[in-house]
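Comments concern the structure below.
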Amino acid sequence: MDAHIKKVYVPMTETGFYILLCLQEPNHGYGIVQRVKELTNGDIILAPGTMYGSLSKMEKDGLICFHREEDKRKIYLITDLGKEVLEIEMKRIDRLYRNMKEMR
């Protein structure tokens with residue numbers, strides 16, 4: 001992973017994290033919005049501008065790729081680079097959680 005990708009994506013925003021998490025299976029922007037809403041019990045609702053801006057940037061940076069078109073919707077999928085970034089972030093979150101538990 002090059003330094004630019006690490007600098008831009010680690011640590012990740014919640015939006016970026018949830019996009020990569022949801023794209024472990026093929027999905028489109030609206031599907032991601034719905035899945036995030038479901039996962040967070042409505043606490044996080046991704047705005048269309050934020051979602052599509054993030055998808056575009058992540059595709060350009062190689063974290064996700066166009067998979068296919070379905071009913072005029074672009075379906076995306078996480079790439080190997082995206083999986084690497086997601087794994088780094090999940091380890092970071094695990095560490096934060098462990099540290100929090102130890103300090104209680």
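Every chain in the structure tokens has a letter given in the order shown (A, B, ...), and although residue numbers restart at 1 in each chain, ligands are simply numbered from 1 in the order shown.
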
| task | Write out as a PyMOL selection string all residues of segment 8-104 of chain A that backbone DSSP assigns to helix (DSSP H, G or I). | result | chain A and resi 8-9+14-22+29-39+48-61+80-103

What would the file look like if the residues just selected were written as a PDB file, in the first residue's frame with C-alpha atoms?
ATOM      1  CA  VAL A   8      -5.833   9.466   3.132  1.00  0.00           C
ATOM      2  CA  TYR A   9      -7.670   6.420   4.492  1.00  0.00           C
ATOM      3  CA  GLU A  14     -17.279   6.222   9.412  1.00  0.00           C
ATOM      4  CA  THR A  15     -18.544   6.699   5.863  1.00  0.00           C
ATOM      5  CA  GLY A  16     -15.446   5.127   4.336  1.00  0.00           C
ATOM      6  CA  PHE A  17     -15.440   2.298   6.861  1.00  0.00           C
ATOM      7  CA  TYR A  18     -19.067   1.386   6.248  1.00  0.00           C
ATOM      8  CA  ILE A  19     -18.700   1.579   2.463  1.00  0.00           C
ATOM      9  CA  LEU A  20     -15.802  -0.881   2.486  1.00  0.00           C
ATOM     10  CA  LEU A  21     -17.523  -3.073   5.048  1.00  0.00           C
ATOM     11  CA  CYS A  22     -20.686  -3.236   2.935  1.00  0.00           C
ATOM     12  CA  GLY A  29     -24.928   3.211  -3.474  1.00  0.00           C
ATOM     13  CA  TYR A  30     -28.546   3.109  -2.356  1.00  0.00           C
ATOM     14  CA  GLY A  31     -28.093  -0.467  -1.127  1.00  0.00           C
ATOM     15  CA  ILE A  32     -25.118   0.656   0.973  1.00  0.00           C
ATOM     16  CA  VAL A  33     -27.158   3.522   2.448  1.00  0.00           C
ATOM     17  CA  GLN A  34     -29.898   1.073   3.427  1.00  0.00           C
ATOM     18  CA  ARG A  35     -27.471  -1.501   4.857  1.00  0.00           C
ATOM     19  CA  VAL A  36     -25.655   1.121   6.968  1.00  0.00           C
ATOM     20  CA  LYS A  37     -28.970   2.414   8.273  1.00  0.00           C
ATOM     21  CA  GLU A  38     -29.887  -1.161   9.216  1.00  0.00           C
ATOM     22  CA  LEU A  39     -26.488  -1.956  10.810  1.00  0.00           C
ATOM     23  CA  PRO A  48     -26.432  10.759  -1.312  1.00  0.00           C
ATOM     24  CA  GLY A  49     -23.785  13.433  -1.987  1.00  0.00           C
ATOM     25  CA  THR A  50     -21.465  11.974   0.626  1.00  0.00           C
ATOM     26  CA  MET A  51     -22.083   8.420  -0.589  1.00  0.00           C
ATOM     27  CA  TYR A  52     -21.520   9.041  -4.285  1.00  0.00           C
ATOM     28  CA  GLY A  53     -18.552  11.351  -3.687  1.00  0.00           C
ATOM     29  CA  SER A  54     -16.932   8.677  -1.528  1.00  0.00           C
ATOM     30  CA  LEU A  55     -17.671   5.899  -4.044  1.00  0.00           C
ATOM     31  CA  SER A  56     -16.110   7.964  -6.826  1.00  0.00           C
ATOM     32  CA  LYS A  57     -12.972   8.748  -4.790  1.00  0.00           C
ATOM     33  CA  MET A  58     -12.588   5.168  -3.576  1.00  0.00           C
ATOM     34  CA  GLU A  59     -12.966   3.841  -7.115  1.00  0.00           C
ATOM     35  CA  LYS A  60     -10.357   6.321  -8.386  1.00  0.00           C
ATOM     36  CA  ASP A  61      -7.986   5.314  -5.561  1.00  0.00           C
ATOM     37  CA  ASP A  80      -7.677  -6.356  -2.585  1.00  0.00           C
ATOM     38  CA  LEU A  81      -6.329  -2.898  -1.703  1.00  0.00           C
ATOM     39  CA  GLY A  82      -9.675  -1.998  -0.141  1.00  0.00           C
ATOM     40  CA  LYS A  83      -9.596  -5.217   1.889  1.00  0.00           C
ATOM     41  CA  GLU A  84      -6.112  -4.329   3.114  1.00  0.00           C
ATOM     42  CA  VAL A  85      -7.226  -0.844   4.191  1.00  0.00           C
ATOM     43  CA  LEU A  86     -10.346  -2.267   5.871  1.00  0.00           C
ATOM     44  CA  GLU A  87      -8.258  -4.842   7.746  1.00  0.00           C
ATOM     45  CA  ILE A  88      -5.891  -2.131   9.028  1.00  0.00           C
ATOM     46  CA  GLU A  89      -8.866  -0.099  10.226  1.00  0.00           C
ATOM     47  CA  MET A  90     -10.534  -3.072  11.910  1.00  0.00           C
ATOM     48  CA  LYS A  91      -7.308  -3.836  13.794  1.00  0.00           C
ATOM     49  CA  ARG A  92      -7.118  -0.171  14.843  1.00  0.00           C
ATOM     50  CA  ILE A  93     -10.709  -0.269  16.115  1.00  0.00           C
ATOM     51  CA  ASP A  94     -10.043  -3.541  17.966  1.00  0.00           C
ATOM     52  CA  ARG A  95      -7.031  -1.939  19.658  1.00  0.00           C
ATOM     53  CA  LEU A  96      -9.103   1.096  20.686  1.00  0.00           C
ATOM     54  CA  TYR A  97     -11.792  -1.182  22.094  1.00  0.00           C
ATOM     55  CA  ARG A  98      -9.278  -3.316  24.041  1.00  0.00           C
ATOM     56  CA  ASN A  99      -7.608  -0.204  25.458  1.00  0.00           C
ATOM     57  CA  MET A 100     -10.943   1.248  26.507  1.00  0.00           C
ATOM     58  CA  LYS A 101     -11.876  -1.979  28.296  1.00  0.00           C
ATOM     59  CA  GLU A 102      -8.526  -2.079  30.092  1.00  0.00           C
ATOM     60  CA  MET A 103      -8.942   1.466  31.360  1.00  0.00           C
TER      61      MET A 103
END

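Every residue of chain A with a DSSP assignment of strand (DSSP E), taken from the backbone, is listed as Ile64, Cys65, Phe66, His67, Arg68, Glu69, Glu70, Arg73, Lys74, Ile75, Tyr76, Leu77 and Ile78 of chain A.
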
Can I get the selected residues back with N, CA, C and O atoms, as a PDB file, in the first residue's frame?
ATOM      1  N   ILE A  64     -12.197   0.260  -4.366  1.00  0.00           N
ATOM      2  CA  ILE A  64     -13.373  -0.455  -4.863  1.00  0.00           C
ATOM      3  C   ILE A  64     -13.317  -0.436  -6.383  1.00  0.00           C
ATOM      4  O   ILE A  64     -12.571   0.353  -6.977  1.00  0.00           O
ATOM      5  N   CYS A  65     -14.098  -1.308  -6.993  1.00  0.00           N
ATOM      6  CA  CYS A  65     -14.147  -1.319  -8.454  1.00  0.00           C
ATOM      7  C   CYS A  65     -15.581  -1.529  -8.925  1.00  0.00           C
ATOM      8  O   CYS A  65     -16.409  -2.094  -8.200  1.00  0.00           O
ATOM      9  N   PHE A  66     -15.837  -1.050 -10.128  1.00  0.00           N
ATOM     10  CA  PHE A  66     -17.121  -1.291 -10.777  1.00  0.00           C
ATOM     11  C   PHE A  66     -17.221  -2.787 -11.039  1.00  0.00           C
ATOM     12  O   PHE A  66     -16.296  -3.406 -11.552  1.00  0.00           O
ATOM     13  N   HIS A  67     -18.343  -3.384 -10.653  1.00  0.00           N
ATOM     14  CA  HIS A  67     -18.536  -4.828 -10.795  1.00  0.00           C
ATOM     15  C   HIS A  67     -19.457  -5.131 -11.976  1.00  0.00           C
ATOM     16  O   HIS A  67     -19.156  -5.972 -12.803  1.00  0.00           O
ATOM     17  N   ARG A  68     -20.588  -4.433 -12.022  1.00  0.00           N
ATOM     18  CA  ARG A  68     -21.544  -4.605 -13.126  1.00  0.00           C
ATOM     19  C   ARG A  68     -22.635  -3.538 -12.995  1.00  0.00           C
ATOM     20  O   ARG A  68     -22.695  -2.829 -11.999  1.00  0.00           O
ATOM     21  N   GLU A  69     -23.470  -3.448 -14.003  1.00  0.00           N
ATOM     22  CA  GLU A  69     -24.620  -2.553 -13.932  1.00  0.00           C
ATOM     23  C   GLU A  69     -25.871  -3.401 -13.830  1.00  0.00           C
ATOM     24  O   GLU A  69     -25.994  -4.426 -14.496  1.00  0.00           O
ATOM     25  N   GLU A  70     -26.784  -2.970 -12.970  1.00  0.00           N
ATOM     26  CA  GLU A  70     -28.016  -3.714 -12.742  1.00  0.00           C
ATOM     27  C   GLU A  70     -29.148  -2.707 -12.571  1.00  0.00           C
ATOM     28  O   GLU A  70     -29.108  -1.878 -11.672  1.00  0.00           O
ATOM     29  N   ARG A  73     -28.161   0.795 -12.176  1.00  0.00           N
ATOM     30  CA  ARG A  73     -27.390   1.100 -10.975  1.00  0.00           C
ATOM     31  C   ARG A  73     -26.007   0.482 -11.104  1.00  0.00           C
ATOM     32  O   ARG A  73     -25.866  -0.661 -11.535  1.00  0.00           O
ATOM     33  N   LYS A  74     -24.990   1.252 -10.705  1.00  0.00           N
ATOM     34  CA  LYS A  74     -23.618   0.735 -10.720  1.00  0.00           C
ATOM     35  C   LYS A  74     -23.394  -0.102  -9.467  1.00  0.00           C
ATOM     36  O   LYS A  74     -23.589   0.381  -8.354  1.00  0.00           O
ATOM     37  N   ILE A  75     -23.000  -1.328  -9.670  1.00  0.00           N
ATOM     38  CA  ILE A  75     -22.701  -2.235  -8.571  1.00  0.00           C
ATOM     39  C   ILE A  75     -21.185  -2.239  -8.378  1.00  0.00           C
ATOM     40  O   ILE A  75     -20.424  -2.394  -9.335  1.00  0.00           O
ATOM     41  N   TYR A  76     -20.756  -2.044  -7.134  1.00  0.00           N
ATOM     42  CA  TYR A  76     -19.334  -1.991  -6.795  1.00  0.00           C
ATOM     43  C   TYR A  76     -18.955  -3.171  -5.917  1.00  0.00           C
ATOM     44  O   TYR A  76     -19.801  -3.807  -5.294  1.00  0.00           O
ATOM     45  N   LEU A  77     -17.636  -3.409  -5.841  1.00  0.00           N
ATOM     46  CA  LEU A  77     -17.092  -4.466  -5.006  1.00  0.00           C
ATOM     47  C   LEU A  77     -15.743  -4.002  -4.467  1.00  0.00           C
ATOM     48  O   LEU A  77     -14.999  -3.298  -5.162  1.00  0.00           O
ATOM     49  N   ILE A  78     -15.420  -4.395  -3.249  1.00  0.00           N
ATOM     50  CA  ILE A  78     -14.131  -4.043  -2.648  1.00  0.00           C
ATOM     51  C   ILE A  78     -13.001  -4.754  -3.404  1.00  0.00           C
ATOM     52  O   ILE A  78     -13.169  -5.879  -3.870  1.00  0.00           O
TER      53      ILE A  78
END
